[in-house]
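Structure record follows, encoded as structure tokens.
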Amino acid sequence: MSMDAPSLGTDGIAERRFAFGVVRRNCGHGVNEESGLFDHESVRASWLPGISFRAAGAGKVDGGLRRAQLGALHAILAHWSTGSSEPATVVLPTGTGKTETMLALLVEARIDRLLVVVPSDALRSQLTKKFEALGLLGELGVLPDGALLPAVGMITGRPKDVAEMREFVQASQVIVSTPNALAGCPKDIAESLFESCDALFFDEAHHVRAATWTQIRDAFTGKKVVQFTATPFREDGQHMQGRFAYIFPLREAQSDGVYSVINYESVFDLNDPDAAIATRAVEVLDADVAEGLDHLLMARCKTQVDAERVHAIYGGVGSAHSPVIMHSGMAQSRRDAALKEIISRRSRIIVCVDMLGEGFDLPQLKIAALHDPKRSLAPTLQFAGRFARVADGTGDATVITGRSDRLFDKRLSRLYGEDADWNLVIAELSQEAILYQERVSQFEQAFGSQEVRVATRAVAPKMSTVVFKTTCEEWTPEGVLDVIPADDIITLPLPINHEENVMWFVTRTRQVVPWVDGPGIEDVAHSLFVLHWDKDQDLLFINHSALEGTNTHIAKAAVGDTAAIIKGEDIFRAMGDMARPVPTNVGVLDIYSRARRFSMHVGADVTDGFPAAEEATKIQTNLFAAGFREGERVTVGVSLKGRVWSYLVARNILDWVEWCRDVGRRLLDESIDVQAVKRNFIRPEILNCWPDAVPLGAEWPPSLLLSPPTSLQVRIGATEVPLTDLELSVEPGLTDDGQVRIILRAEDSEAKYDLVLDVDGMRACPVADEAMFTTTRGSTSGAEFLAKNCPIILLGGDGVVYPPGILYRPQRDIPALDRDRIIALAWDGIAINKESRGPSRDPATVQGAALDLLRTQAWDFVIDDDGSGEVADLVALRRAETTLEVVLVHCKFAHGGTVGARVADLYELCGQAQKSAAWRRNPESMIRRLLARERNRLAKGRRTGFESGTDRDLLRLLSELPSLAVQMQIVLVQPGLSQTRASASQLELLAATETYVRETSATRLEILGSG
């Protein structure tokens, strides 16, 4: 054990050092021989009669406490006055004085011994100094006369000796530590610390769900626990737990002038956004310094490599401010030196990667240059708060970021728009997130005692339920005790939320195992039950973790004997409103056959379940399918016995309750036609060879199409392009050996692969030279890349083949297209055998004629996207109030320059139409692709593709998309197609294409041809 004797320095600081920390007390003139250096009782006695609850004026830092601080103190003291020991959460936005609130609570409650847990070493040091001096309470005039300062212990290492810990604890009235410092210490040492403390404060309590934090909080069960935070929500979406004792809205902090105004600026530069951000950020810094403001600039980057590159940019545009860099890859001495340069103001620009985070108290950081904006809500609001602190000599904060086409948390699209008012939007986003957390907290509170509430937080049921119709005026959940022995229930009294009509409980059953002759070994099984009575819909929902039976006896005990389970065909209404549903398993019952009464069809075998179900003696007993609702992927399973389930994840019981209510609305909707729901299913067919159908097109799997790796490049021969500029197409018709041949084309270079389909699935074989796919992690051959990202093949006749060889094709006959649907145009002066306008922008081409037609209407954007990897030959967009209208034009020349009835003239065109239908479901990805392709055109010195509008305006539109409904039209232009002479094969192909784009994307198809 290593411990120094206490010493009193000439500065009045008493200090005692330990192997793992130090205890200090600022004695000043208050120490005497009788009280001793660490006489805590004398200190607490000097705090009587408590702090002065005197209010300061709005925005002032002297003469009393701010209203947020007063409100928080009253709320916590009121919470404690009820005898409650449940953790209390206090939400105080940045700048409202969270630390002084902690200090005032320590003095007013005269806490015997307090443990304060903080997330970082920097915050530990700063908070320790605050507690040693009681912060600004003395200057604010709220301390009682003669108030002494407490002894504050700071744990900086990992304690290893229980006796030394006891000495440390006895010397301290306040102890400050990080959870990591306590995580690895022996149990008896941790217990000696926790048992000696009467209260626990968490600072930055949004970390509290981390395992080490939770262990500390659990050790204080039955004691006073307060969780202080500015943002009571986590990036992982988990609830912080505890009762929300006080929430001071961010908008009120803004109103009080303690949360600085944030000026937001977005800059736009497709070629070098980092340089544009840096240039504008330095301009703002220069202007602020010229006005006499003591402002500093932080440039935030994602990686160390990015930081080094961005630091070089600031070294050029901001050399007058001597930019420094700081990241974890640097030696600590270099980081310390960089920080000294900033604090001394020899430098006013710091480029960093996740540095200067929580606990770094430098309110002069007022300019944030975000070279890599946060991607989710919680860290964004936490980051913004650091620049909103108010201090003497500072002005408004400024946030500068590049307008990005990358995907963020959808809620942040409001924040990163070009003209976003951060002061308004941040307040709204913060309030919305807090309201959800408060909703969860209130839901838990209604379960009664703290023990029950704590247990409720740990319950996350599967999304599964049986549903009963009810006729009762009120439910009687306690009735389950009449049908389940109390000895079998381990959660008594029953946890019941009478406000939301929700109950849950856990049962324990024992059963002798069959493989032992005699008593002694038993199987012990625990089961969760969750019940919700929806009074508005007269429905009772029951979740049973064992997924066994319908639990009708429990239903009748809770809502009466008239409870009637919803089962049979009506249960299929739960699948209503699903678009393009694809079953993944089917259960089939044969009512006559004794040899094969029940069969389950899963995965590739699922297709067998549907023909069987159509036979007169067979019925579907259960069905699980995946599909879409309102553009979001959903899964729904149903059983004729009455169960509904989903693969959705419930974070808590409240999520399950809200899911049940949504299921209930569908089950009661008699407008949902059960037979129509079942007919709507597409029956997958496992292929061992390619069917006799014409390949129309190929498209990348959705995961690659919508989110391609940013560093992915494709090299074919001497040509290298990003994936967005790579054209993927198919040859119309199968090869001589019956395979589909795909073509990868990059400018004038191409690589061909045969997609071989046999009993082993689908694989790609190069026809000649291979393409190479390269990222920052290395290179992969085309065959290897296609093995992991095998394309989806679109077939004539409304069929689609997905890897590893599953055909999805609706079982129906599609009537041929009415030839009057072909709009006949006059092609005078147009070379109909010439498709593209080319670099010279030749108007006398098929594409040129289509462009002239588009120009007869007013469009916000018209883009010539012709080329490998195109969205379409021409793209037109315009905003009409709350709707975004999109037109995609695909052009094809007439073979031989003549009009005829050649179906080959339509194969590629129809394939392009089917491929582009996916953009209707993913308009954000479409616009990002258009922007990426424009960026690549400009980088190669080519002409812009924008005939109308600008890339800057298109990026602005991207930020507005979440509030717009998208309507799309696909236009096929083929002068070789004759309205009067179109063949039956052409009309059938066009009809199948029209059906596909309509059903998969609610898109209209228009066809332009000749007379």
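Labels for the structure tokens follow display order: chains A, B, ..., residues from 1 in each chain, ligands from 1.
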
For this session: Just list the residues in range 188-376 of chain A DSSP gives strand (DSSP E) on the backbone, as a PyMOL selection string.
Result: chain A and resi 199-202+224-229+243-247+262-267+296-300+324-326+349-352+365-370

Non-local contacts of range 64-68 of chain A (6 Å; only C-alpha atoms; under 3 positions in same chain excluded) as a ChimeraX atom specification:
/A:54-56,71,140

Nearest to Glu500 in chain A, chosen from A:Asn551, A:Thr471, A:Gln445, A:Thr995, with only C-alpha atoms counted in the distances: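 Using only C-alpha atoms, the shortest distance to Glu500 in chain A belongs to A:Gln445.
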
What separates CA of Pro495 in chain A and CA of Ala458 in chain A is a distance of 12.9 Å

Contacts of Asp820 in chain A at 12 Å or less, counting only C-alpha atoms, minus same-chain residues fewer than 6 places along, as a tab-separated table (two decimals) with all heavy atoms, in the first residue's frame?
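Okay, result.tsv is ready:
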```tsv
chain	number	residue	atom	x	y	z
A	978	SER	N	-43.39	0.62	-84.94
A	978	SER	CA	-44.52	1.16	-85.69
A	978	SER	C	-45.83	0.93	-84.95
A	978	SER	O	-46.10	-0.19	-84.50
A	978	SER	CB	-44.60	0.51	-87.07
A	978	SER	OG	-45.81	0.83	-87.72
A	979	GLN	N	-46.61	2.00	-84.84
A	979	GLN	CA	-47.92	1.86	-84.20
A	979	GLN	C	-48.81	0.92	-84.99
A	979	GLN	O	-49.51	0.06	-84.44
A	979	GLN	CB	-48.59	3.23	-84.06
A	979	GLN	CG	-49.94	3.18	-83.37
A	979	GLN	CD	-50.72	4.46	-83.54
A	979	GLN	OE1	-51.06	4.84	-84.67
A	979	GLN	NE2	-50.99	5.15	-82.42
A	980	THR	N	-48.80	1.04	-86.29
A	980	THR	CA	-49.73	0.26	-87.13
A	980	THR	C	-49.20	-1.12	-87.45
A	980	THR	O	-49.98	-2.05	-87.69
A	980	THR	CB	-49.99	1.02	-88.44
A	980	THR	OG1	-48.74	1.25	-89.11
A	980	THR	CG2	-50.69	2.34	-88.16
A	981	ARG	N	-47.87	-1.29	-87.45
A	981	ARG	CA	-47.31	-2.57	-87.86
A	981	ARG	C	-46.66	-3.36	-86.73
A	981	ARG	O	-45.99	-4.37	-86.97
A	981	ARG	CB	-46.28	-2.35	-88.98
A	981	ARG	CG	-46.90	-1.92	-90.29
A	981	ARG	CD	-45.83	-1.80	-91.36
A	981	ARG	NE	-45.04	-0.57	-91.18
A	981	ARG	CZ	-43.84	-0.37	-91.69
A	981	ARG	NH1	-43.25	-1.35	-92.39
A	981	ARG	NH2	-43.20	0.76	-91.51
A	982	ALA	N	-46.83	-2.90	-85.49
A	982	ALA	CA	-46.20	-3.59	-84.36
A	982	ALA	C	-46.66	-5.05	-84.31
A	982	ALA	O	-47.85	-5.35	-84.45
A	982	ALA	CB	-46.55	-2.89	-83.06
A	987	LEU	N	-45.90	-6.27	-78.90
A	987	LEU	CA	-46.97	-5.78	-78.01
A	987	LEU	C	-47.01	-6.58	-76.72
A	987	LEU	O	-47.29	-6.02	-75.64
A	987	LEU	CB	-48.31	-5.84	-78.74
A	987	LEU	CG	-48.44	-4.94	-79.96
A	987	LEU	CD1	-49.77	-5.15	-80.66
A	987	LEU	CD2	-48.28	-3.46	-79.58
A	1006	GLU	N	-44.77	5.33	-70.95
A	1006	GLU	CA	-45.20	5.97	-72.20
A	1006	GLU	C	-44.26	5.49	-73.31
A	1006	GLU	O	-43.05	5.39	-73.11
A	1006	GLU	CB	-45.16	7.48	-72.07
A	1006	GLU	CG	-45.68	8.22	-73.28
A	1006	GLU	CD	-45.79	9.72	-73.04
A	1006	GLU	OE1	-46.76	10.15	-72.39
A	1006	GLU	OE2	-44.89	10.46	-73.50
A	1007	ILE	N	-44.84	5.22	-74.49
A	1007	ILE	CA	-44.06	4.64	-75.59
A	1007	ILE	C	-44.18	5.55	-76.82
A	1007	ILE	O	-45.29	5.85	-77.28
A	1007	ILE	CB	-44.58	3.23	-75.93
A	1007	ILE	CG1	-44.55	2.36	-74.66
A	1007	ILE	CG2	-43.75	2.60	-77.03
A	1007	ILE	CD1	-45.44	1.15	-74.74
A	1008	LEU	N	-43.04	6.00	-77.32
A	1008	LEU	CA	-43.00	6.87	-78.49
A	1008	LEU	C	-42.37	6.10	-79.65
A	1008	LEU	O	-41.26	5.58	-79.54
A	1008	LEU	CB	-42.18	8.13	-78.20
A	1008	LEU	CG	-42.58	8.96	-76.97
A	1008	LEU	CD1	-41.71	10.20	-76.86
A	1008	LEU	CD2	-44.05	9.34	-77.02
A	1009	GLY	N	-43.10	6.04	-80.78
A	1009	GLY	CA	-42.60	5.33	-81.94
A	1009	GLY	C	-42.95	6.06	-83.22
A	1009	GLY	O	-43.00	7.30	-83.27
A	1010	SER	N	-43.22	5.28	-84.24
A	1010	SER	CA	-43.57	5.85	-85.54
A	1010	SER	C	-45.00	5.41	-85.91
A	1010	SER	O	-45.62	4.58	-85.23
A	1010	SER	CB	-42.59	5.38	-86.61
A	1010	SER	OG	-41.28	5.80	-86.31
A	1011	GLY	N	-45.49	5.98	-87.01
A	1011	GLY	CA	-46.85	5.67	-87.45
A	1011	GLY	C	-46.96	4.29	-88.08
A	1011	GLY	O	-46.03	3.52	-88.15
```

(Q) Excluding Leu1005 in chain A and its own-chain neighbours fewer than 6 positions away, which residues fall within 8 Å of it when counting only C-alpha atoms? Please give them as a VMD selection string. (A) chain A and resid 969 to 972 994 997 to 998

Of A:Ala557, A:Leu807, A:Val152, A:Leu955, the one nearest to Val267 in chain A when counting only C-alpha atoms is A:Leu955

message: So that I can check the secondary structure, give me every residue of range 4-179 of chain A assigned helix (DSSP H, G or I) by backbone DSSP, as an MDAnalysis selection string.
response: chainID A and resid 40:46 67:81 98:109 121:133 137:140 162:171 179

From CA of Thr303 in chain A to CA of Ala337 in chain A the spacing works out at 20.6 Å

Of A:Ala984, A:Val43, A:Ile793, A:Val91, the one nearest to Pro144 in chain A when counting only C-alpha atoms is A:Val43

(message) Report, in Å to a single decimal, how far apart CA of Met762 in chain A and CA of Thr780 in chain A are.
(response)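 Pair CA of Thr780 in chain A / CA of Met762 in chain A returns 18.4 Å.
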
_Among listed residues A:Arg841, A:Leu853, A:Met154, A:Thr776, nearest Ala826 in chain A (using only C-alpha atoms)_ =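 For Ala826 in chain A, the nearest of the given residues is A:Leu853.
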
*Between A:Val258, A:Leu906, A:Ala676, A:Leu964, which has the minimum distance to Gly97 in chain A (counting only C-alpha atoms)?*
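Checking each of A:Val258, A:Leu906, A:Ala676, A:Leu964 against Gly97 in chain A, counting only C-alpha atoms, the winner is A:Val258.
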
For Val801 in chain A, please output as a tab-separated table (two decimals) with all heavy atoms, in the first residue's frame all residues within 10 Å (counting only C-alpha atoms; exclusion window: fewer than 2 positions along the same chain).
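Generated output (out_37.tsv):
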```tsv
chain	number	residue	atom	x	y	z
A	684	PRO	N	-42.03	-18.52	-55.84
A	684	PRO	CA	-40.68	-18.68	-56.37
A	684	PRO	C	-40.49	-20.06	-57.00
A	684	PRO	O	-41.06	-21.04	-56.57
A	684	PRO	CB	-39.79	-18.51	-55.15
A	684	PRO	CG	-40.67	-18.65	-53.97
A	684	PRO	CD	-42.07	-18.43	-54.38
A	685	GLU	N	-39.65	-20.10	-58.03
A	685	GLU	CA	-39.35	-21.34	-58.74
A	685	GLU	C	-37.84	-21.53	-58.77
A	685	GLU	O	-37.11	-20.65	-59.23
A	685	GLU	CB	-39.92	-21.29	-60.16
A	685	GLU	CG	-39.61	-22.53	-60.98
A	685	GLU	CD	-40.13	-22.42	-62.40
A	685	GLU	OE1	-40.92	-21.49	-62.69
A	685	GLU	OE2	-39.71	-23.24	-63.25
A	686	ILE	N	-37.38	-22.65	-58.27
A	686	ILE	CA	-35.95	-22.96	-58.27
A	686	ILE	C	-35.53	-23.43	-59.66
A	686	ILE	O	-36.13	-24.35	-60.23
A	686	ILE	CB	-35.62	-24.03	-57.23
A	686	ILE	CG1	-36.14	-23.61	-55.85
A	686	ILE	CG2	-34.11	-24.28	-57.18
A	686	ILE	CD1	-35.58	-22.30	-55.37
A	687	LEU	N	-34.50	-22.79	-60.21
A	687	LEU	CA	-34.05	-23.11	-61.56
A	687	LEU	C	-32.75	-23.92	-61.54
A	687	LEU	O	-31.85	-23.64	-60.73
A	687	LEU	CB	-33.81	-21.82	-62.36
A	687	LEU	CG	-35.01	-20.88	-62.54
A	687	LEU	CD1	-34.58	-19.62	-63.28
A	687	LEU	CD2	-36.15	-21.58	-63.28
A	690	TRP	N	-31.35	-21.93	-67.34
A	690	TRP	CA	-32.06	-20.72	-67.71
A	690	TRP	C	-33.34	-21.07	-68.47
A	690	TRP	O	-33.33	-21.94	-69.35
A	690	TRP	CB	-31.17	-19.81	-68.56
A	690	TRP	CG	-30.08	-19.17	-67.77
A	690	TRP	CD1	-28.76	-19.54	-67.75
A	690	TRP	CD2	-30.22	-18.08	-66.88
A	690	TRP	NE1	-28.06	-18.74	-66.89
A	690	TRP	CE2	-28.93	-17.82	-66.33
A	690	TRP	CE3	-31.28	-17.28	-66.47
A	690	TRP	CZ2	-28.69	-16.81	-65.41
A	690	TRP	CZ3	-31.07	-16.27	-65.54
A	690	TRP	CH2	-29.78	-16.04	-65.02
A	691	PRO	N	-34.46	-20.40	-68.16
A	691	PRO	CA	-35.71	-20.69	-68.85
A	691	PRO	C	-35.67	-20.16	-70.29
A	691	PRO	O	-34.82	-19.34	-70.65
A	691	PRO	CB	-36.76	-19.95	-68.01
A	691	PRO	CG	-36.01	-18.84	-67.37
A	691	PRO	CD	-34.61	-19.35	-67.12
A	695	PRO	N	-33.46	-12.63	-72.12
A	695	PRO	CA	-32.92	-11.72	-71.11
A	695	PRO	C	-33.06	-10.27	-71.61
A	695	PRO	O	-32.59	-9.93	-72.70
A	695	PRO	CB	-31.45	-12.13	-70.99
A	695	PRO	CG	-31.37	-13.49	-71.61
A	695	PRO	CD	-32.41	-13.51	-72.66
A	698	ALA	N	-29.97	-6.51	-66.85
A	698	ALA	CA	-29.34	-6.96	-65.61
A	698	ALA	C	-29.17	-5.76	-64.70
A	698	ALA	O	-28.95	-4.64	-65.17
A	698	ALA	CB	-27.97	-7.60	-65.90
A	791	PRO	N	-25.53	-10.34	-60.42
A	791	PRO	CA	-26.63	-9.48	-60.87
A	791	PRO	C	-27.98	-10.19	-60.86
A	791	PRO	O	-28.08	-11.42	-60.90
A	791	PRO	CB	-26.22	-9.10	-62.30
A	791	PRO	CG	-24.76	-9.37	-62.38
A	791	PRO	CD	-24.51	-10.53	-61.47
A	792	ILE	N	-29.01	-9.39	-60.82
A	792	ILE	CA	-30.39	-9.84	-60.99
A	792	ILE	C	-30.71	-9.75	-62.48
A	792	ILE	O	-30.41	-8.73	-63.12
A	792	ILE	CB	-31.34	-8.95	-60.17
A	792	ILE	CG1	-31.00	-9.04	-58.68
A	792	ILE	CG2	-32.81	-9.34	-60.42
A	792	ILE	CD1	-31.62	-7.94	-57.84
A	793	ILE	N	-31.30	-10.78	-63.03
A	793	ILE	CA	-31.57	-10.82	-64.47
A	793	ILE	C	-33.06	-10.63	-64.71
A	793	ILE	O	-33.90	-11.32	-64.12
A	793	ILE	CB	-31.11	-12.15	-65.08
A	793	ILE	CG1	-29.62	-12.37	-64.82
A	793	ILE	CG2	-31.40	-12.18	-66.57
A	793	ILE	CD1	-28.71	-11.28	-65.38
A	794	LEU	N	-33.38	-9.66	-65.57
A	794	LEU	CA	-34.76	-9.36	-65.94
A	794	LEU	C	-35.08	-10.10	-67.24
A	794	LEU	O	-34.35	-9.98	-68.23
A	794	LEU	CB	-34.94	-7.86	-66.13
A	794	LEU	CG	-34.45	-6.98	-64.96
A	794	LEU	CD1	-34.47	-5.51	-65.34
A	794	LEU	CD2	-35.27	-7.24	-63.72
A	795	LEU	N	-36.18	-10.85	-67.22
A	795	LEU	CA	-36.54	-11.67	-68.36
A	795	LEU	C	-37.81	-11.15	-69.03
A	795	LEU	O	-38.67	-10.54	-68.39
A	795	LEU	CB	-36.78	-13.13	-67.93
A	795	LEU	CG	-35.63	-13.86	-67.27
A	795	LEU	CD1	-36.09	-15.25	-66.87
A	795	LEU	CD2	-34.42	-13.93	-68.20
A	799	GLY	N	-40.69	-11.88	-65.80
A	799	GLY	CA	-39.95	-12.71	-64.85
A	799	GLY	C	-38.67	-12.04	-64.40
A	799	GLY	O	-38.06	-11.25	-65.12
A	803	PRO	N	-30.11	-14.40	-57.74
A	803	PRO	CA	-29.15	-15.42	-57.33
A	803	PRO	C	-29.71	-16.15	-56.10
A	803	PRO	O	-30.42	-15.55	-55.30
A	803	PRO	CB	-27.90	-14.60	-56.96
A	803	PRO	CG	-28.09	-13.29	-57.65
A	803	PRO	CD	-29.56	-13.04	-57.69
A	804	PRO	N	-29.43	-17.44	-55.94
A	804	PRO	CA	-28.55	-18.27	-56.77
A	804	PRO	C	-29.28	-18.98	-57.91
A	804	PRO	O	-28.80	-20.00	-58.40
A	804	PRO	CB	-28.02	-19.28	-55.76
A	804	PRO	CG	-29.18	-19.48	-54.83
A	804	PRO	CD	-29.86	-18.15	-54.72
A	805	GLY	N	-30.44	-18.47	-58.30
A	805	GLY	CA	-31.18	-19.08	-59.39
A	805	GLY	C	-32.64	-19.30	-59.03
A	805	GLY	O	-33.16	-20.41	-59.20
A	806	ILE	N	-33.30	-18.27	-58.52
A	806	ILE	CA	-34.70	-18.36	-58.13
A	806	ILE	C	-35.50	-17.44	-59.04
A	806	ILE	O	-35.23	-16.23	-59.11
A	806	ILE	CB	-34.91	-17.97	-56.65
A	806	ILE	CG1	-34.04	-18.84	-55.75
A	806	ILE	CG2	-36.38	-18.11	-56.27
A	806	ILE	CD1	-34.11	-18.47	-54.28
A	807	LEU	N	-36.48	-18.00	-59.70
A	807	LEU	CA	-37.32	-17.25	-60.63
A	807	LEU	C	-38.57	-16.76	-59.90
A	807	LEU	O	-39.28	-17.56	-59.27
A	807	LEU	CB	-37.72	-18.12	-61.82
A	807	LEU	CG	-38.78	-17.53	-62.77
A	807	LEU	CD1	-38.25	-16.28	-63.46
A	807	LEU	CD2	-39.23	-18.57	-63.79
A	808	TYR	N	-38.84	-15.46	-59.99
A	808	TYR	CA	-40.06	-14.88	-59.47
A	808	TYR	C	-40.87	-14.38	-60.66
A	808	TYR	O	-40.45	-13.46	-61.37
A	808	TYR	CB	-39.76	-13.73	-58.51
A	808	TYR	CG	-39.02	-14.16	-57.26
A	808	TYR	CD1	-37.63	-14.13	-57.20
A	808	TYR	CD2	-39.71	-14.60	-56.14
A	808	TYR	CE1	-36.95	-14.53	-56.06
A	808	TYR	CE2	-39.04	-15.00	-54.99
A	808	TYR	CZ	-37.67	-14.96	-54.95
A	808	TYR	OH	-37.00	-15.37	-53.83
A	809	ARG	N	-42.03	-15.00	-60.86
A	809	ARG	CA	-42.86	-14.60	-61.99
A	809	ARG	C	-44.32	-14.82	-61.60
A	809	ARG	O	-44.71	-15.95	-61.27
A	809	ARG	CB	-42.51	-15.40	-63.24
A	809	ARG	CG	-43.38	-15.05	-64.45
A	809	ARG	CD	-42.76	-15.51	-65.74
A	809	ARG	NE	-42.37	-16.91	-65.72
A	809	ARG	CZ	-41.57	-17.46	-66.61
A	809	ARG	NH1	-41.05	-16.74	-67.59
A	809	ARG	NH2	-41.25	-18.75	-66.53
```
